[in-house]
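Reading through the structure tokens given below for one structure.
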Amino acid sequence: MSEHKYQYTENPFAVTRREFITITGVITAFLALPAIWIKSVASSNNAYIQARTQGLYVDDVKSTIRVSHANIAVNRYYKEFGGEPLGHLSHKLLHTHYINRTKGLG
Amino acid sequence: MNAVAKTYQKGEIPGLIAIRASACKGCDACQRYCPTGAITGSFGATHGIDVDLCLSCGQCLISCPFDAVYETDDAVDQVIANLRDKSVSVVGIIAPAVRVAIGEEFGMKTGSLVTGKLYGSMKKAGFEILDNNFAADLTIMEEGSELISRARHAVFGEKSAHGEPIGPLPQLTSCCPAWVRYVETQCPALIPHLSSAKSPQQMAGTVAKTYGTKVWNKPASQIFTVGIMPCTAKKFEASRPEFTSAYEFNKKQNRETGPAYPDVDVVLTTRDLARLFKKMKIDLAKEADYSPDILFAEYSGAGTIFGNTGGVMEAAVRTAYAVLTGEELANVEFKPVRGLKGVKSASVTLKDAKYGKDVTINLAVVHDMARNIKPIVDDVLAGKSPYHFIEVMNCPAGCINGGGQPIDKSGSSWVEAIRPLFAWK
């Protein structure tokens, strides 16, 4: 029996080992890009919420009066018409009651 | 609509939010945002809404990737008709959150603060302006005084000045109509805890048709009040039959002989108002800034932050501090209640000048009810809640992300759904 000797020659490849690693790296980077894009979309999904929230805080800072009890209009309302907070007229006009809706209405 | 709605009073809008069967793909995105599990139908099948469970909050509407969810109530044409009738004063009650969102409908940058342009556009359309921030300040006066009265009753045994019963602690805010309906349909045992103060919208409507008759020199029957809200549930709220206080009051004063009218006649969402402007050929983005010279447009910074989660609490703290201690806060910004954490809590110790003693108030702020409300409610029901005052807003981040706001597709829950798949998020 003749002895079969395993013979293997590497396919002649047009790039060197260093070039191969570089190309693989670039391909991997391109493959990863969509994942990064999806991640950035996912994490910016409350950007519009943050922007609107900030808008109202800016409005607060811009206001010359920043506490409710110093609002001129509120004070005039109570003086000329409403009386005082929790007063008789306030209870009639500015307060309400609630309904148990578990008992079957309508 | 389902067979018979059992959780609505006569006159209320049942089934404000509905799903267009032809557009629904059965993707289940809406179900993730529903605070009460009112959306029925399995994955892949057309979904429906159980009107008795529905709070009308509209979170499903702004989260639907296929625009399959819609509102059954549309008052835009009715408002335009009233604007054209010169005998009627149409009063626009503008909520805080509208001014940081409506610009988006006219191509402006997300979150642009457009108060001046909004006032200008409203004047051009023929509205009288009542800034709801003014009513928010009024709410703080009433709700803050109520908190102080409940706290003094609990700590010092103080009685109420007019002999009405004083509610228990924790006091729960009552500005959010979806939250109020949640309490009424899911846990009515908490009703005594809800602040009896009306929401700013309802206060505004009542004030417009009572005190406002002097300001505009018009009888209440010729004042048409329009809530302009970031919210769909406000439409439901305005339709509640008990909200006719202005009519009752005017009748007692013998100033009313005609038919009854509601405090708030109709409600437009932010999207509705943008549609109205476009129908009337008004481009908000091109409008010049305008500041109306009217009492009802005066508002404080505390009133405007009502649209953010934690805003009602922060505004209440600013005023309660001054009322209790008799001194003004040096720095009014109260940071612990800001931000997007599901449940925020803080403790404030104040010296009650009337009794000369220190009082500690534990506060909590809850938003995004679908995810965060259950444990808070269970604690209060079991009587072991550590808090004295709890602010609740149904929508994630508060009214600025309400169901009536311009729809921002980046908030679509499909994106939200894939987030947990990224381990490094």
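By order of appearance in the structure tokens: chains A, B, ..., then residues from 1 within every chain, and ligands from 1 in the order shown.
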Inset, instruction - Find the residues in chain A near chain B: any atom within 8 Å counts, using only C-alpha atoms. Write them as JSON, numbers by chain. - result: {"A": [39, 41, 42, 43, 44, 45, 46, 48, 49, 51, 52, 53, 54, 55, 56, 57, 59, 60, 61, 62, 63, 64, 65, 66, 67, 68, 69, 70, 71, 72, 73, 74, 77, 81, 85, 86, 87, 88, 90, 92, 93, 94, 95, 96, 97, 98, 99, 100, 101, 102, 104, 105, 106]}
Dump of N, CA and C atoms for the selected residues, as a compact mmCIF listing (two decimals), in the first residue's frame:
```txt
# COMPACT_ATOMS: atom_id res chain seq x y z
N LYS A 39 -29.80 52.01 17.56
CA LYS A 39 -29.65 52.37 18.97
C LYS A 39 -29.86 53.87 19.18
N VAL A 41 -31.63 55.88 17.32
CA VAL A 41 -33.06 56.18 17.16
C VAL A 41 -33.80 55.83 18.45
N ALA A 42 -33.46 54.64 18.99
CA ALA A 42 -34.15 54.18 20.19
C ALA A 42 -33.90 55.13 21.36
N SER A 43 -32.67 55.62 21.49
CA SER A 43 -32.40 56.44 22.67
C SER A 43 -32.83 57.89 22.47
N SER A 44 -33.17 58.28 21.23
CA SER A 44 -33.62 59.65 21.04
C SER A 44 -35.13 59.72 20.97
N ASN A 45 -35.82 58.61 21.32
CA ASN A 45 -37.27 58.62 21.15
C ASN A 45 -37.97 59.50 22.16
N ASN A 46 -37.24 60.00 23.17
CA ASN A 46 -37.91 60.97 24.01
C ASN A 46 -37.28 62.36 23.86
N TYR A 48 -38.13 64.62 21.77
CA TYR A 48 -39.18 65.64 21.62
C TYR A 48 -39.83 65.96 22.97
N ILE A 49 -39.89 64.94 23.84
CA ILE A 49 -40.44 65.17 25.18
C ILE A 49 -39.53 66.11 25.96
N ALA A 51 -37.47 68.28 24.75
CA ALA A 51 -37.49 69.62 24.16
C ALA A 51 -38.71 70.41 24.65
N ARG A 52 -39.88 69.76 24.67
CA ARG A 52 -41.07 70.47 25.13
C ARG A 52 -40.99 70.79 26.62
N THR A 53 -40.48 69.82 27.41
CA THR A 53 -40.32 70.05 28.85
C THR A 53 -39.45 71.28 29.08
N GLN A 54 -38.33 71.32 28.35
CA GLN A 54 -37.41 72.42 28.50
C GLN A 54 -38.08 73.74 28.13
N GLY A 55 -38.92 73.70 27.09
CA GLY A 55 -39.64 74.90 26.66
C GLY A 55 -40.44 75.52 27.80
N LEU A 56 -41.11 74.70 28.58
CA LEU A 56 -41.91 75.24 29.68
C LEU A 56 -41.03 75.76 30.81
N TYR A 57 -39.91 75.08 31.07
CA TYR A 57 -39.01 75.59 32.12
C TYR A 57 -38.40 76.92 31.71
N ASP A 59 -39.97 79.12 29.88
CA ASP A 59 -41.07 80.07 30.08
C ASP A 59 -41.13 80.50 31.56
N ASP A 60 -40.89 79.54 32.45
CA ASP A 60 -40.88 79.82 33.89
C ASP A 60 -39.77 80.82 34.23
N VAL A 61 -38.56 80.52 33.74
CA VAL A 61 -37.42 81.39 34.05
C VAL A 61 -37.63 82.80 33.50
N LYS A 62 -38.29 82.88 32.31
CA LYS A 62 -38.53 84.18 31.69
C LYS A 62 -39.56 85.02 32.44
N SER A 63 -40.40 84.37 33.23
CA SER A 63 -41.48 85.10 33.90
C SER A 63 -40.93 86.01 34.99
N THR A 64 -41.48 87.22 35.08
CA THR A 64 -41.04 88.11 36.15
C THR A 64 -41.62 87.68 37.48
N ILE A 65 -42.84 87.13 37.42
CA ILE A 65 -43.46 86.60 38.63
C ILE A 65 -43.44 85.09 38.54
N ARG A 66 -42.91 84.43 39.57
CA ARG A 66 -42.74 82.99 39.46
C ARG A 66 -43.52 82.21 40.51
N VAL A 67 -44.34 82.90 41.30
CA VAL A 67 -45.17 82.17 42.27
C VAL A 67 -46.63 82.57 42.09
N SER A 68 -47.52 81.59 42.24
CA SER A 68 -48.93 81.82 41.95
C SER A 68 -49.55 82.92 42.80
N HIS A 69 -49.16 82.98 44.10
CA HIS A 69 -49.82 83.93 44.99
C HIS A 69 -49.43 85.38 44.69
N ALA A 70 -48.44 85.59 43.82
CA ALA A 70 -48.07 86.96 43.45
C ALA A 70 -48.68 87.38 42.12
N ASN A 71 -49.44 86.49 41.49
CA ASN A 71 -50.09 86.82 40.22
C ASN A 71 -51.12 87.93 40.44
N ILE A 72 -50.89 89.05 39.76
CA ILE A 72 -51.75 90.23 39.94
C ILE A 72 -53.21 89.91 39.60
N ALA A 73 -53.39 89.15 38.52
CA ALA A 73 -54.74 88.84 38.07
C ALA A 73 -55.48 87.98 39.11
N VAL A 74 -54.75 87.03 39.70
CA VAL A 74 -55.36 86.16 40.72
C VAL A 74 -55.78 87.01 41.92
N TYR A 77 -58.79 89.00 41.08
CA TYR A 77 -59.99 88.15 41.04
C TYR A 77 -60.56 87.97 42.45
N PHE A 81 -63.96 89.93 43.29
CA PHE A 81 -65.06 89.02 43.02
C PHE A 81 -65.07 87.79 43.93
N PRO A 85 -59.41 82.16 48.94
CA PRO A 85 -59.32 80.73 48.64
C PRO A 85 -60.06 79.92 49.70
N LEU A 86 -60.78 78.91 49.26
CA LEU A 86 -61.61 78.05 50.11
C LEU A 86 -62.78 78.80 50.73
N GLY A 87 -63.01 80.05 50.31
CA GLY A 87 -64.14 80.82 50.83
C GLY A 87 -65.46 80.30 50.26
N HIS A 88 -66.53 80.97 50.66
CA HIS A 88 -67.88 80.53 50.27
C HIS A 88 -68.03 80.46 48.74
N SER A 90 -65.67 80.45 46.47
CA SER A 90 -64.74 79.48 45.90
C SER A 90 -65.35 78.09 45.88
N LYS A 92 -68.41 77.29 45.76
CA LYS A 92 -69.47 77.23 44.76
C LYS A 92 -68.93 77.17 43.34
N LEU A 93 -67.91 77.97 43.07
CA LEU A 93 -67.47 78.13 41.69
C LEU A 93 -66.23 77.32 41.33
N LEU A 94 -65.32 77.14 42.27
CA LEU A 94 -64.01 76.58 41.91
C LEU A 94 -63.78 75.18 42.45
N HIS A 95 -64.76 74.63 43.16
CA HIS A 95 -64.59 73.27 43.67
C HIS A 95 -65.69 72.37 43.11
N THR A 96 -65.45 71.05 43.18
CA THR A 96 -66.40 70.11 42.59
C THR A 96 -66.49 68.86 43.45
N HIS A 97 -67.22 67.86 42.96
CA HIS A 97 -67.33 66.58 43.66
C HIS A 97 -67.11 65.48 42.62
N TYR A 98 -66.91 64.27 43.10
CA TYR A 98 -66.62 63.16 42.18
C TYR A 98 -67.67 62.07 42.34
N ILE A 99 -67.68 61.18 41.35
CA ILE A 99 -68.76 60.18 41.30
C ILE A 99 -68.16 58.79 41.31
N ASN A 100 -68.75 57.91 42.10
CA ASN A 100 -68.36 56.51 42.04
C ASN A 100 -68.96 55.91 40.77
N ARG A 101 -68.10 55.58 39.82
CA ARG A 101 -68.60 55.08 38.53
C ARG A 101 -68.62 53.56 38.46
N THR A 102 -68.34 52.90 39.60
CA THR A 102 -68.34 51.43 39.55
C THR A 102 -69.73 50.87 39.79
N GLY A 104 -72.51 51.46 38.12
CA GLY A 104 -73.39 51.35 36.95
C GLY A 104 -74.25 52.57 36.76
N LEU A 105 -73.77 53.51 35.99
CA LEU A 105 -74.55 54.71 35.68
C LEU A 105 -75.24 54.51 34.34
N GLY A 106 -76.04 55.48 33.96
CA GLY A 106 -76.61 55.54 32.60
C GLY A 106 -77.46 54.35 32.20
```
Inset, instruction - Pull the helix (DSSP H, G or I) assignments for stretch 191-359 of chain B out of DSSP run on the backbone, and list those residues as an MDAnalysis selection string. - result: chainID B and resid 191:193 200:209 212:216 220:222 233:238 245:252 270:279 284:286 295:297 301:307 311:325 335:337
Inset, instruction - Just the residues within 8 Å of stretch 58-62 of chain B, please, counting only C-alpha atoms, with nothing from its chain fewer than 6 positions along; format it as an MDAnalysis selection string. - result: chainID B and resid 17 29:31 33:34 68:70 231:233 395 402:405 407:408 412
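The space separating atom CA of B:Pro219 from atom CA of A:Leu89 comes to 19.5 Å.
Between atom CA of B:His153 and atom CA of B:Asn362 there is a distance of 16.1 Å.
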